>>> print(open('protein37.json').read())   # JSON, C-alpha atoms
[["chain", "number", "residue", "atom", "x", "y", "z"],
["Y", 1, "MET", "CA", 133.18, 86.28, 84.16],
["Y", 2, "LYS", "CA", 134.20, 86.42, 80.51],
["Y", 3, "ILE", "CA", 132.10, 88.40, 78.06],
["Y", 4, "GLU", "CA", 131.36, 85.25, 76.00],
["Y", 5, "ASP", "CA", 130.07, 83.51, 79.12],
["Y", 6, "ILE", "CA", 127.77, 86.45, 79.85],
["Y", 7, "GLU", "CA", 126.49, 86.42, 76.26],
["Y", 8, "SER", "CA", 125.80, 82.69, 76.55],
["Y", 9, "ILE", "CA", 123.79, 83.18, 79.74],
["Y", 10, "VAL", "CA", 121.78, 86.04, 78.25],
["Y", 11, "ASN", "CA", 121.06, 84.09, 75.05],
["Y", 12, "GLU", "CA", 119.88, 81.09, 77.05],
["Y", 13, "VAL", "CA", 117.50, 83.30, 79.05],
["Y", 14, "TYR", "CA", 115.97, 84.74, 75.90],
["Y", 15, "GLU", "CA", 115.62, 81.31, 74.32],
["Y", 16, "ASN", "CA", 113.70, 80.14, 77.38],
["Y", 17, "LEU", "CA", 111.51, 83.24, 77.31],
["Y", 18, "GLY", "CA", 110.31, 82.26, 73.87],
["Y", 19, "SER", "CA", 108.76, 79.01, 75.07],
["Y", 20, "ASP", "CA", 105.08, 78.65, 75.92],
["Y", 21, "SER", "CA", 103.88, 78.34, 79.50],
["Y", 22, "LYS", "CA", 100.65, 78.41, 81.47],
["Y", 23, "LEU", "CA", 101.83, 81.58, 83.20],
["Y", 24, "LYS", "CA", 102.01, 83.38, 79.86],
["Y", 25, "ASP", "CA", 98.67, 81.96, 78.73],
["Y", 26, "ASP", "CA", 96.95, 83.02, 81.93],
["Y", 27, "PHE", "CA", 98.29, 86.56, 81.81],
["Y", 28, "GLU", "CA", 97.40, 86.88, 78.14],
["Y", 29, "LYS", "CA", 93.81, 86.25, 79.21],
["Y", 30, "VAL", "CA", 94.19, 88.92, 81.89],
["Y", 31, "LEU", "CA", 95.46, 91.40, 79.30],
["Y", 32, "ILE", "CA", 92.58, 90.68, 76.91],
["Y", 33, "ARG", "CA", 89.99, 91.04, 79.67],
["Y", 34, "TYR", "CA", 91.58, 94.24, 80.96],
["Y", 35, "LEU", "CA", 91.69, 95.83, 77.52],
["Y", 36, "GLN", "CA", 88.11, 94.80, 76.76],
["Y", 37, "PHE", "CA", 86.96, 96.50, 79.95],
["Y", 38, "HIS", "CA", 89.04, 99.67, 79.68],
["Y", 39, "LYS", "CA", 89.07, 100.34, 75.95],
["Y", 40, "LYS", "CA", 85.70, 99.68, 74.39],
["Y", 41, "ALA", "CA", 86.83, 101.11, 71.05],
["Y", 42, "ILE", "CA", 89.96, 102.79, 69.72],
["Y", 43, "ASP", "CA", 88.18, 106.09, 69.06],
["Y", 44, "GLU", "CA", 86.38, 106.24, 72.42],
["Y", 45, "ASP", "CA", 87.51, 107.49, 75.81],
["Y", 46, "SER", "CA", 89.05, 104.90, 78.07],
["Y", 47, "PHE", "CA", 87.19, 103.77, 81.19],
["Y", 48, "PHE", "CA", 88.76, 106.27, 83.58],
["Y", 49, "CYS", "CA", 88.84, 109.14, 81.10],
["Y", 50, "GLU", "CA", 85.06, 109.11, 81.09],
["Y", 51, "ILE", "CA", 85.25, 110.53, 84.62],
["Y", 52, "HIS", "CA", 85.98, 113.88, 82.93],
["Y", 53, "LYS", "CA", 82.33, 113.98, 81.85],
["Y", 54, "ASN", "CA", 81.35, 114.56, 85.47],
["Y", 55, "PHE", "CA", 83.32, 117.81, 85.67],
["Y", 56, "ASN", "CA", 82.55, 120.53, 83.16],
["Y", 57, "ASP", "CA", 84.19, 123.55, 84.77],
["Y", 58, "GLY", "CA", 87.95, 123.36, 84.23],
["Y", 59, "HIS", "CA", 90.24, 120.34, 84.36],
["Y", 60, "ASN", "CA", 89.78, 117.73, 87.08],
["Y", 61, "CYS", "CA", 92.88, 115.59, 87.62],
["Y", 62, "VAL", "CA", 91.18, 112.44, 88.97],
["Y", 63, "ALA", "CA", 90.55, 110.91, 85.55],
["Y", 64, "CYS", "CA", 94.03, 111.62, 84.22],
["Y", 65, "ASN", "CA", 95.79, 110.37, 87.33],
["Y", 66, "LEU", "CA", 93.87, 107.09, 87.34],
["Y", 67, "ASN", "CA", 94.31, 106.69, 83.60],
["Y", 68, "SER", "CA", 98.07, 107.16, 83.93],
["Y", 69, "THR", "CA", 98.34, 104.43, 86.57],
["Y", 70, "ASN", "CA", 96.14, 102.27, 84.40],
["Y", 71, "GLU", "CA", 98.38, 102.68, 81.35],
["Y", 72, "ARG", "CA", 101.30, 101.38, 83.42],
["Y", 73, "ILE", "CA", 99.32, 98.25, 84.31],
["Y", 74, "ILE", "CA", 98.41, 97.71, 80.65],
["Y", 75, "ASN", "CA", 101.99, 98.29, 79.46],
["Y", 76, "PHE", "CA", 103.18, 95.64, 81.88],
["Y", 77, "LEU", "CA", 100.55, 93.15, 80.71],
["Y", 78, "TYR", "CA", 101.56, 93.77, 77.09],
["Y", 79, "SER", "CA", 104.83, 92.02, 77.92],
["Y", 80, "PHE", "CA", 103.13, 88.74, 78.93],
["Y", 81, "LYS", "CA", 105.14, 86.79, 76.34],
["Y", 82, "PHE", "CA", 108.23, 87.41, 78.48],
["Y", 83, "PHE", "CA", 106.66, 86.27, 81.75],
["Y", 84, "ASP", "CA", 108.73, 83.35, 82.93],
["Y", 85, "ASP", "CA", 109.04, 83.52, 86.70],
["Y", 86, "ILE", "CA", 106.01, 83.50, 89.01],
["Y", 87, "TYR", "CA", 107.56, 85.60, 91.77],
["Y", 88, "THR", "CA", 108.84, 88.30, 89.42],
["Y", 89, "THR", "CA", 105.60, 88.45, 87.44],
["Y", 90, "TYR", "CA", 103.33, 88.64, 90.45],
["Y", 91, "SER", "CA", 105.54, 91.06, 92.37],
["Y", 92, "ILE", "CA", 105.39, 93.61, 89.56],
["Y", 93, "PHE", "CA", 101.73, 92.90, 88.77],
["Y", 94, "ILE", "CA", 100.55, 93.31, 92.36],
["Y", 95, "MET", "CA", 102.67, 96.38, 93.00],
["Y", 96, "LEU", "CA", 101.35, 98.15, 89.89],
["Y", 97, "LEU", "CA", 97.79, 97.38, 90.97],
["Y", 98, "TYR", "CA", 98.66, 98.54, 94.48],
["Y", 99, "LEU", "CA", 99.92, 101.94, 93.26],
["Y", 100, "GLN", "CA", 96.49, 102.51, 91.77],
["Y", 101, "VAL", "CA", 94.77, 101.10, 94.85],
["Y", 102, "GLU", "CA", 96.44, 103.81, 96.93],
["Y", 103, "CYS", "CA", 94.99, 106.41, 94.54],
["Y", 104, "PHE", "CA", 91.51, 105.03, 95.16],
["Y", 105, "PHE", "CA", 92.00, 105.06, 98.92],
["Y", 106, "GLU", "CA", 93.32, 108.63, 98.84],
["Y", 107, "TYR", "CA", 90.41, 109.93, 96.78],
["Y", 108, "MET", "CA", 87.91, 108.12, 98.99],
["Y", 109, "SER", "CA", 89.63, 109.60, 102.04],
["Y", 110, "ILE", "CA", 89.27, 113.07, 100.54],
["Y", 111, "VAL", "CA", 85.52, 112.60, 100.09],
["Y", 112, "LYS", "CA", 85.33, 110.93, 103.54],
["Y", 113, "ILE", "CA", 83.95, 107.52, 102.61],
["Y", 114, "PRO", "CA", 83.68, 105.58, 105.91],
["Y", 115, "GLU", "CA", 85.87, 102.52, 106.35],
["Y", 116, "PRO", "CA", 82.97, 100.09, 107.00],
["Y", 117, "TYR", "CA", 81.60, 100.99, 103.57],
["Y", 118, "LEU", "CA", 85.02, 100.44, 101.99],
["Y", 119, "LEU", "CA", 85.47, 97.08, 103.70],
["Y", 120, "LYS", "CA", 82.09, 95.94, 102.43],
["Y", 121, "ASN", "CA", 82.24, 97.28, 98.89],
["Y", 122, "PHE", "CA", 85.94, 97.39, 97.99],
["Y", 123, "ARG", "CA", 87.32, 94.09, 99.30],
["Y", 124, "ALA", "CA", 89.50, 93.62, 96.21],
["Y", 125, "LEU", "CA", 91.44, 96.78, 97.08],
["Y", 126, "TYR", "CA", 92.23, 95.43, 100.54],
["Y", 127, "LYS", "CA", 93.26, 92.07, 99.10],
["Y", 128, "ILE", "CA", 95.77, 93.74, 96.81],
["Y", 129, "LYS", "CA", 97.01, 96.00, 99.61],
["Y", 130, "ARG", "CA", 97.63, 93.01, 101.90],
["Y", 131, "TRP", "CA", 99.60, 91.19, 99.20],
["Y", 132, "ALA", "CA", 101.59, 94.35, 98.56],
["Y", 133, "ASN", "CA", 102.30, 94.59, 102.30],
["Y", 134, "PHE", "CA", 103.60, 91.03, 102.24],
["Y", 135, "LEU", "CA", 105.92, 91.81, 99.32],
["Y", 136, "LYS", "CA", 107.12, 95.15, 100.73],
["Y", 137, "HIS", "CA", 107.36, 94.14, 104.39],
["Y", 138, "PRO", "CA", 107.77, 90.35, 104.61],
["Y", 139, "LYS", "CA", 108.48, 90.43, 108.36],
["Y", 140, "SER", "CA", 109.08, 86.90, 109.70],
["Y", 141, "PHE", "CA", 108.73, 85.42, 106.24],
["Y", 142, "LEU", "CA", 112.44, 86.25, 105.90],
["Y", 143, "LEU", "CA", 113.10, 83.33, 108.29],
["Y", 144, "VAL", "CA", 111.63, 80.78, 105.85],
["Y", 145, "HIS", "CA", 113.93, 78.41, 103.96],
["Y", 146, "HIS", "CA", 113.54, 78.17, 100.16],
["Y", 147, "PRO", "CA", 109.81, 78.84, 99.74],
["Y", 148, "SER", "CA", 108.05, 77.72, 96.60],
["Y", 149, "TRP", "CA", 106.25, 80.43, 94.62],
["Y", 150, "ARG", "CA", 103.01, 79.33, 92.99],
["Y", 151, "TYR", "CA", 99.65, 80.75, 92.03],
["Y", 152, "ASP", "CA", 96.13, 79.43, 92.42],
["Y", 153, "ASP", "CA", 95.07, 77.03, 89.65],
["Y", 154, "ASP", "CA", 98.53, 76.88, 88.12],
["Y", 155, "GLU", "CA", 98.16, 73.09, 87.78],
["Y", 156, "GLN", "CA", 101.61, 72.30, 89.14],
["Y", 157, "GLY", "CA", 100.52, 69.51, 91.44],
["Y", 158, "GLU", "CA", 98.87, 69.09, 94.81],
["Y", 159, "ILE", "CA", 99.75, 71.48, 97.61],
["Y", 160, "ASN", "CA", 97.68, 70.16, 100.50],
["Y", 161, "SER", "CA", 100.59, 68.23, 102.01],
["Y", 162, "HIS", "CA", 102.50, 71.39, 102.82],
["Y", 163, "LYS", "CA", 102.24, 72.53, 106.42],
["Y", 164, "VAL", "CA", 102.19, 76.28, 105.77],
["Y", 165, "ILE", "CA", 100.63, 78.01, 102.77],
["Y", 166, "VAL", "CA", 100.89, 81.75, 102.39],
["Y", 167, "ASN", "CA", 97.70, 82.58, 100.53],
["Y", 168, "THR", "CA", 95.14, 85.39, 100.57],
["Y", 169, "ASP", "CA", 93.67, 84.31, 103.91],
["Y", 170, "PHE", "CA", 97.18, 84.26, 105.38],
["Y", 171, "VAL", "CA", 98.14, 87.75, 104.22],
["Y", 172, "GLU", "CA", 94.74, 89.12, 105.26],
["Y", 173, "LYS", "CA", 95.40, 87.84, 108.76],
["Y", 174, "TYR", "CA", 99.07, 88.68, 109.23],
["Y", 175, "TYR", "CA", 99.76, 91.63, 106.91],
["Y", 176, "LYS", "CA", 97.10, 94.16, 107.80],
["Y", 177, "GLY", "CA", 99.02, 95.43, 110.83],
["Y", 178, "ASP", "CA", 101.46, 94.43, 113.56],
["Y", 179, "LYS", "CA", 99.15, 92.83, 116.14],
["Y", 180, "MET", "CA", 99.76, 89.30, 114.86],
["Y", 181, "ASN", "CA", 103.53, 89.58, 114.46],
["Y", 182, "SER", "CA", 104.35, 87.26, 117.37],
["Y", 183, "GLU", "CA", 102.07, 84.54, 116.02],
["Y", 184, "LEU", "CA", 103.48, 85.06, 112.53],
["Y", 185, "TYR", "CA", 106.99, 84.62, 113.89],
["Y", 186, "ALA", "CA", 106.04, 81.39, 115.64],
["Y", 187, "ASN", "CA", 104.45, 80.04, 112.46],
["Y", 188, "LEU", "CA", 107.27, 80.90, 110.07],
["Y", 189, "LYS", "CA", 110.64, 80.74, 111.81],
["Y", 190, "ARG", "CA", 112.89, 78.02, 110.32],
["Y", 191, "LYS", "CA", 110.04, 76.67, 108.20],
["Y", 192, "GLU", "CA", 110.73, 74.53, 105.14],
["Y", 193, "ASP", "CA", 108.45, 73.18, 102.40],
["Y", 194, "LEU", "CA", 106.40, 76.34, 102.45],
["Y", 195, "ILE", "CA", 104.34, 77.50, 99.49],
["Y", 196, "VAL", "CA", 103.38, 81.05, 98.63],
["Y", 197, "LEU", "CA", 100.15, 80.76, 96.67],
["Y", 198, "PHE", "CA", 99.32, 83.96, 94.82],
["Y", 199, "PRO", "CA", 95.66, 84.46, 93.79],
["Y", 200, "ASN", "CA", 94.49, 83.35, 90.38],
["Y", 201, "PRO", "CA", 95.27, 86.32, 88.11],
["Y", 202, "TYR", "CA", 92.05, 86.22, 86.10],
["Y", 203, "LYS", "CA", 89.82, 85.95, 89.17],
["Y", 204, "LEU", "CA", 91.80, 88.74, 90.85],
["Y", 205, "ILE", "CA", 91.46, 91.06, 87.87],
["Y", 206, "GLU", "CA", 87.72, 90.40, 87.66],
["Y", 207, "GLU", "CA", 87.35, 91.43, 91.30],
["Y", 208, "TYR", "CA", 89.52, 94.46, 90.68],
["Y", 209, "LEU", "CA", 87.56, 95.58, 87.62],
["Y", 210, "ALA", "CA", 84.38, 95.40, 89.69],
["Y", 211, "ALA", "CA", 86.03, 97.69, 92.28],
["Y", 212, "GLN", "CA", 87.09, 100.12, 89.54],
["Y", 213, "GLN", "CA", 83.53, 100.18, 88.23],
["Y", 214, "ARG", "CA", 82.20, 100.82, 91.72],
["Y", 215, "PHE", "CA", 84.62, 103.69, 92.22],
["Y", 216, "ARG", "CA", 83.60, 105.40, 89.00],
["Y", 217, "LYS", "CA", 79.94, 105.05, 89.93],
["Y", 218, "LEU", "CA", 80.74, 106.57, 93.31],
["Y", 219, "ILE", "CA", 81.59, 109.74, 91.40],
["Y", 220, "SER", "CA", 78.98, 109.67, 88.66],
["Y", 221, "GLU", "CA", 76.05, 108.81, 90.96],
["Y", 222, "ASN", "CA", 76.89, 110.96, 93.99],
["Y", 223, "LEU", "CA", 76.59, 114.73, 93.82],
["Y", 224, "MET", "CA", 78.37, 115.29, 97.14],
["Y", 225, "VAL", "CA", 81.40, 113.29, 95.96],
["Y", 226, "ARG", "CA", 81.54, 115.23, 92.70],
["Y", 227, "GLU", "CA", 81.32, 118.57, 94.47],
["Y", 228, "ILE", "CA", 84.14, 117.70, 96.88],
["Y", 229, "LEU", "CA", 86.37, 116.49, 94.06],
["Y", 230, "GLU", "CA", 85.44, 119.60, 92.08],
["Y", 231, "ASP", "CA", 86.72, 121.75, 94.93],
["Y", 232, "GLU", "CA", 89.82, 119.69, 95.65],
["Y", 233, "ALA", "CA", 91.03, 118.51, 92.26],
["Y", 234, "THR", "CA", 89.92, 120.99, 89.59],
["Y", 235, "ILE", "CA", 91.88, 123.81, 87.99],
["Y", 236, "LYS", "CA", 89.47, 126.34, 86.50],
["Y", 237, "GLN", "CA", 91.80, 127.60, 83.79],
["Y", 238, "HIS", "CA", 94.00, 124.69, 82.84],
["Y", 239, "PHE", "CA", 96.74, 125.14, 80.25],
["Y", 240, "GLU", "CA", 96.21, 123.53, 76.86],
["Y", 241, "GLU", "CA", 98.70, 121.26, 75.10],
["Y", 242, "GLU", "CA", 99.86, 122.07, 71.61],
["Y", 243, "ASP", "CA", 97.15, 119.88, 70.12],
["Y", 244, "GLY", "CA", 94.48, 121.68, 72.15],
["Y", 245, "SER", "CA", 93.97, 118.81, 74.58],
["Y", 246, "THR", "CA", 93.79, 119.47, 78.31],
["Y", 247, "THR", "CA", 94.13, 115.83, 79.40],
["Y", 248, "ASN", "CA", 96.48, 112.90, 79.00],
["Y", 249, "CYS", "CA", 93.54, 110.57, 78.52],
["Y", 250, "LYS", "CA", 93.43, 108.18, 75.59]]
>>> encode(input="protein37.json", output="structure tokens")
Amino acid sequence: MKIEDIESIVNEVYENLGSDSKLKDDFEKVLIRYLQFHKKAIDEDSFFCEIHKNFNDGHNCVACNLNSTNERIINFLYSFKFFDDIYTTYSIFIMLLYLQVECFFEYMSIVKIPEPYLLKNFRALYKIKRWANFLKHPKSFLLVHHPSWRYDDDEQGEINSHKVIVNTDFVEKYYKGDKMNSELYANLKRKEDLIVLFPNPYKLIEEYLAAQQRFRKLISENLMVREILEDEATIKQHFEEEDGSTTNCK
């Protein structure tokens, strides 16, 4: 391909990125809601950085680790004006949430929170994990022909006429393990006119923020949890940065 042809393609892409779309509008709302929740004021600690207040003896890494993963989510959402493709947008969005979800699960494993409690009180984490499983390990979905990528409430027309819809219920059933792989294969092989319906981004982020809030309360309101995390994740004499700070919290 000639260099001028490449330049023409790139310029056309950027021209299209500048146009308005419901996808951009919806994720702008997600960004605003996320920032409102996590950054009450410029001069105050962010939501996760307040976890430091539960540990007074040395530096506990839980707050900084969660805040770092959170900054990556926010940095992605800042680019909402360039969101143009549903699959690309949701793949990155869900995977960034999932990387933080795994942090939550690891910390709750360390403090030995039983799975029945997690299933009851942290459903949003499992929803994100199942969608991430679908994206990472599509299994028999790779036998589908030209699926359509949509998201809930995207107002792109009716979807009820389609025979197979990959939605949250679908991934909860088929992407939590391997037991249903044979049935999944039977349902998906050589399928056409299939829609992947991602969850509504604003509703998903509201559920996720509630789970984040619940996790922080699990630390602040539970002495046993704090003591375990104190033992496992605290350095008594942590080095100081040049500005005197011992955290990467903002």
>>> residues_near_point(input="protein37.json", point="(86.5, 105.4, 96.8)", cutoff="12 Å", atoms="only C-alpha atoms", output="PyMOL selection string")
chain Y and resi 62+100-115+117-123+125+211-220+222+225-226+229
>>> write_last_selection(input="protein37.json", atoms="C-alpha atoms", output="short mmCIF file (atom, residue, chain, number, x, y, z; two decimals), in the coordinates of the input")
data_model
loop_
_atom_site.label_atom_id
_atom_site.label_comp_id
_atom_site.auth_asym_id
_atom_site.auth_seq_id
_atom_site.Cartn_x
_atom_site.Cartn_y
_atom_site.Cartn_z
CA VAL Y 62 91.18 112.44 88.97
CA GLN Y 100 96.49 102.51 91.77
CA VAL Y 101 94.77 101.10 94.85
CA GLU Y 102 96.44 103.81 96.93
CA CYS Y 103 94.99 106.41 94.54
CA PHE Y 104 91.51 105.03 95.16
CA PHE Y 105 92.00 105.06 98.92
CA GLU Y 106 93.32 108.63 98.84
CA TYR Y 107 90.41 109.93 96.78
CA MET Y 108 87.91 108.12 98.99
CA SER Y 109 89.63 109.60 102.04
CA ILE Y 110 89.27 113.07 100.54
CA VAL Y 111 85.52 112.60 100.09
CA LYS Y 112 85.33 110.93 103.54
CA ILE Y 113 83.95 107.52 102.61
CA PRO Y 114 83.68 105.58 105.91
CA GLU Y 115 85.87 102.52 106.35
CA TYR Y 117 81.60 100.99 103.57
CA LEU Y 118 85.02 100.44 101.99
CA LEU Y 119 85.47 97.08 103.70
CA LYS Y 120 82.09 95.94 102.43
CA ASN Y 121 82.24 97.28 98.89
CA PHE Y 122 85.94 97.39 97.99
CA ARG Y 123 87.32 94.09 99.30
CA LEU Y 125 91.44 96.78 97.08
CA ALA Y 211 86.03 97.69 92.28
CA GLN Y 212 87.09 100.12 89.54
CA GLN Y 213 83.53 100.18 88.23
CA ARG Y 214 82.20 100.82 91.72
CA PHE Y 215 84.62 103.69 92.22
CA ARG Y 216 83.60 105.40 89.00
CA LYS Y 217 79.94 105.05 89.93
CA LEU Y 218 80.74 106.57 93.31
CA ILE Y 219 81.59 109.74 91.40
CA SER Y 220 78.98 109.67 88.66
CA ASN Y 222 76.89 110.96 93.99
CA VAL Y 225 81.40 113.29 95.96
CA ARG Y 226 81.54 115.23 92.70
CA LEU Y 229 86.37 116.49 94.06
#
>>> atom_distance(input="protein37.json", atom1="atom CA of Y:Asp84", atom2="atom CA of Y:Asn16")
8.1 Å
>>> closest_residue(input="protein37.json", among="Y:His52, Y:Arg33, Y:Lys136, Y:His145", to="Y:Ile92", atoms="all atoms listed in the file")
Y:Lys136
>>> residues_near_point(input="protein37.json", point="(101.8, 81.8, 74.5)", cutoff="12 Å", atoms="all atoms listed in the file", output="JSON, numbers by chain")
{"Y": [17, 18, 19, 20, 21, 22, 23, 24, 25, 26, 27, 28, 29, 79, 80, 81, 82, 83, 84]}
>>> write_last_selection(input="protein37.json", atoms="C-alpha atoms", output="mmCIF file, keeping the file's coordinate frame")
data_model
loop_
_atom_site.group_PDB
_atom_site.id
_atom_site.type_symbol
_atom_site.label_atom_id
_atom_site.label_comp_id
_atom_site.auth_asym_id
_atom_site.auth_seq_id
_atom_site.Cartn_x
_atom_site.Cartn_y
_atom_site.Cartn_z
ATOM 1 C CA LEU Y 17 111.510 83.240 77.310
ATOM 2 C CA GLY Y 18 110.310 82.260 73.870
ATOM 3 C CA SER Y 19 108.760 79.010 75.070
ATOM 4 C CA ASP Y 20 105.080 78.650 75.920
ATOM 5 C CA SER Y 21 103.880 78.340 79.500
ATOM 6 C CA LYS Y 22 100.650 78.410 81.470
ATOM 7 C CA LEU Y 23 101.830 81.580 83.200
ATOM 8 C CA LYS Y 24 102.010 83.380 79.860
ATOM 9 C CA ASP Y 25 98.670 81.960 78.730
ATOM 10 C CA ASP Y 26 96.950 83.020 81.930
ATOM 11 C CA PHE Y 27 98.290 86.560 81.810
ATOM 12 C CA GLU Y 28 97.400 86.880 78.140
ATOM 13 C CA LYS Y 29 93.810 86.250 79.210
ATOM 14 C CA SER Y 79 104.830 92.020 77.920
ATOM 15 C CA PHE Y 80 103.130 88.740 78.930
ATOM 16 C CA LYS Y 81 105.140 86.790 76.340
ATOM 17 C CA PHE Y 82 108.230 87.410 78.480
ATOM 18 C CA PHE Y 83 106.660 86.270 81.750
ATOM 19 C CA ASP Y 84 108.730 83.350 82.930
#
>>> residues_around(input="protein37.json", residues="Y:Ile86", least_positions_apart="3", cutoff="7 Å", atoms="all atoms listed in the file", output="ChimeraX atom specification")
/Y:89-90,149-150
>>> write_last_selection(input="protein37.json", atoms="C-alpha atoms", output="PDB file, in the frame of the given file")
ATOM      1  CA  THR Y  89     105.600  88.450  87.440  1.00  0.00           C
ATOM      2  CA  TYR Y  90     103.330  88.640  90.450  1.00  0.00           C
ATOM      3  CA  TRP Y 149     106.250  80.430  94.620  1.00  0.00           C
ATOM      4  CA  ARG Y 150     103.010  79.330  92.990  1.00  0.00           C
TER       5      ARG Y 150
END
>>> axis_aligned_box(input="protein37.json", around="stretch 25-29 of chain Y", padding_each_side="5 Å", output="lines of an AutoDock Vina configuration file")
center_x = 96.2
center_y = 84.4
center_z = 80.0
size_x = 14.9
size_y = 14.9
size_z = 13.8
>>> residues_around(input="protein37.json", residues="stretch 73-76 of chain Y", least_positions_apart="2", cutoff="8 Å", atoms="all atoms listed in the file", output="list in words")
Leu31, Tyr34, Leu35, Thr69, Asn70, Glu71, Tyr78, Ser79, Phe80, Phe93, Leu96 and Leu97 of chain Y
>>> atom_distance(input="protein37.json", atom1="atom CA of Y:Phe47", atom2="atom CA of Y:Leu77")
17.1 Å
>>> atom_distance(input="protein37.json", atom1="atom CA of Y:Ile205", atom2="atom CA of Y:Cys49")
19.5 Å
>>> closest_residue(input="protein37.json", among="Y:Glu221, Y:Asp193, Y:Glu44, Y:Glu230", to="Y:Val164", atoms="all atoms listed in the file")
Y:Asp193
>>> closest_residue(input="protein37.json", among="Y:Ser140, Y:Ser182, Y:Asn200, Y:Asn56", to="Y:Asn167", atoms="all atoms listed in the file")
Y:Asn200
>>> residues_around(input="protein37.json", residues="Y:Lys139", least_positions_apart="6", cutoff="9 Å", atoms="all atoms listed in the file", output="compact mmCIF listing (two decimals) with C-alpha atoms, in the coordinates of the input")
# COMPACT_ATOMS: atom_id res chain seq x y z
CA TYR Y 175 99.76 91.63 106.91
CA ASN Y 181 103.53 89.58 114.46
CA LEU Y 184 103.48 85.06 112.53
CA TYR Y 185 106.99 84.62 113.89
>>> closest_residue(input="protein37.json", among="Y:Val166, Y:Ala41, Y:Ile235, Y:Leu194", to="Y:Pro147", atoms="all atoms listed in the file")
Y:Leu194
>>> closest_residue(input="protein37.json", among="Y:Tyr14, Y:Phe141, Y:Tyr87, Y:Tyr151", to="Y:Thr168", atoms="all atoms listed in the file")
Y:Tyr151
>>> closest_residue(input="protein37.json", among="Y:Gln36, Y:Thr88, Y:Ser148, Y:Asn67", to="Y:Ile51", atoms="only C-alpha atoms")
Y:Asn67
>>> decode(input="protein37.json", residues="stretch 46-89 of chain Y", atoms="C-alpha atoms", output="mmCIF file, in the first residue's frame")
data_model
loop_
_atom_site.group_PDB
_atom_site.id
_atom_site.type_symbol
_atom_site.label_atom_id
_atom_site.label_comp_id
_atom_site.auth_asym_id
_atom_site.auth_seq_id
_atom_site.Cartn_x
_atom_site.Cartn_y
_atom_site.Cartn_z
ATOM 1 C CA SER Y 46 -9.433 9.424 46.399
ATOM 2 C CA PHE Y 47 -11.895 6.698 47.361
ATOM 3 C CA PHE Y 48 -9.370 3.877 47.644
ATOM 4 C CA CYS Y 49 -6.622 6.011 49.172
ATOM 5 C CA GLU Y 50 -8.819 6.486 52.213
ATOM 6 C CA ILE Y 51 -8.128 2.829 53.023
ATOM 7 C CA HIS Y 52 -4.748 4.047 54.329
ATOM 8 C CA LYS Y 53 -6.594 5.555 57.306
ATOM 9 C CA ASN Y 54 -7.267 2.033 58.576
ATOM 10 C CA PHE Y 55 -3.553 1.255 58.886
ATOM 11 C CA ASN Y 56 -1.419 3.533 61.018
ATOM 12 C CA ASP Y 57 1.699 1.427 61.520
ATOM 13 C CA GLY Y 58 3.788 1.517 58.339
ATOM 14 C CA HIS Y 59 2.662 1.425 54.723
ATOM 15 C CA ASN Y 60 -0.132 -0.921 53.670
ATOM 16 C CA CYS Y 61 -0.157 -1.609 49.921
ATOM 17 C CA VAL Y 62 -3.873 -2.393 49.505
ATOM 18 C CA ALA Y 63 -4.923 1.220 48.994
ATOM 19 C CA CYS Y 64 -2.143 2.035 46.540
ATOM 20 C CA ASN Y 65 -2.628 -1.116 44.494
ATOM 21 C CA LEU Y 66 -6.361 -0.541 44.128
ATOM 22 C CA ASN Y 67 -5.845 3.132 43.405
ATOM 23 C CA SER Y 68 -3.358 2.296 40.643
ATOM 24 C CA THR Y 69 -5.813 -0.046 38.931
ATOM 25 C CA ASN Y 70 -8.473 2.596 39.357
ATOM 26 C CA GLU Y 71 -6.377 5.283 37.676
ATOM 27 C CA ARG Y 72 -6.070 3.026 34.625
ATOM 28 C CA ILE Y 73 -9.856 2.720 34.430
ATOM 29 C CA ILE Y 74 -10.234 6.494 34.707
ATOM 30 C CA ASN Y 75 -7.528 7.169 32.113
ATOM 31 C CA PHE Y 76 -9.356 4.921 29.677
ATOM 32 C CA LEU Y 77 -12.678 6.662 30.311
ATOM 33 C CA TYR Y 78 -11.030 10.047 29.715
ATOM 34 C CA SER Y 79 -10.693 9.012 26.079
ATOM 35 C CA PHE Y 80 -14.455 8.573 25.569
ATOM 36 C CA LYS Y 81 -14.462 11.095 22.697
ATOM 37 C CA PHE Y 82 -12.528 8.536 20.647
ATOM 38 C CA PHE Y 83 -14.860 5.618 21.363
ATOM 39 C CA ASP Y 84 -16.202 4.519 18.022
ATOM 40 C CA ASP Y 85 -16.481 0.734 18.016
ATOM 41 C CA ILE Y 86 -18.603 -1.163 20.544
ATOM 42 C CA TYR Y 87 -16.468 -4.303 20.618
ATOM 43 C CA THR Y 88 -13.192 -2.429 21.077
ATOM 44 C CA THR Y 89 -14.616 -0.096 23.710
#
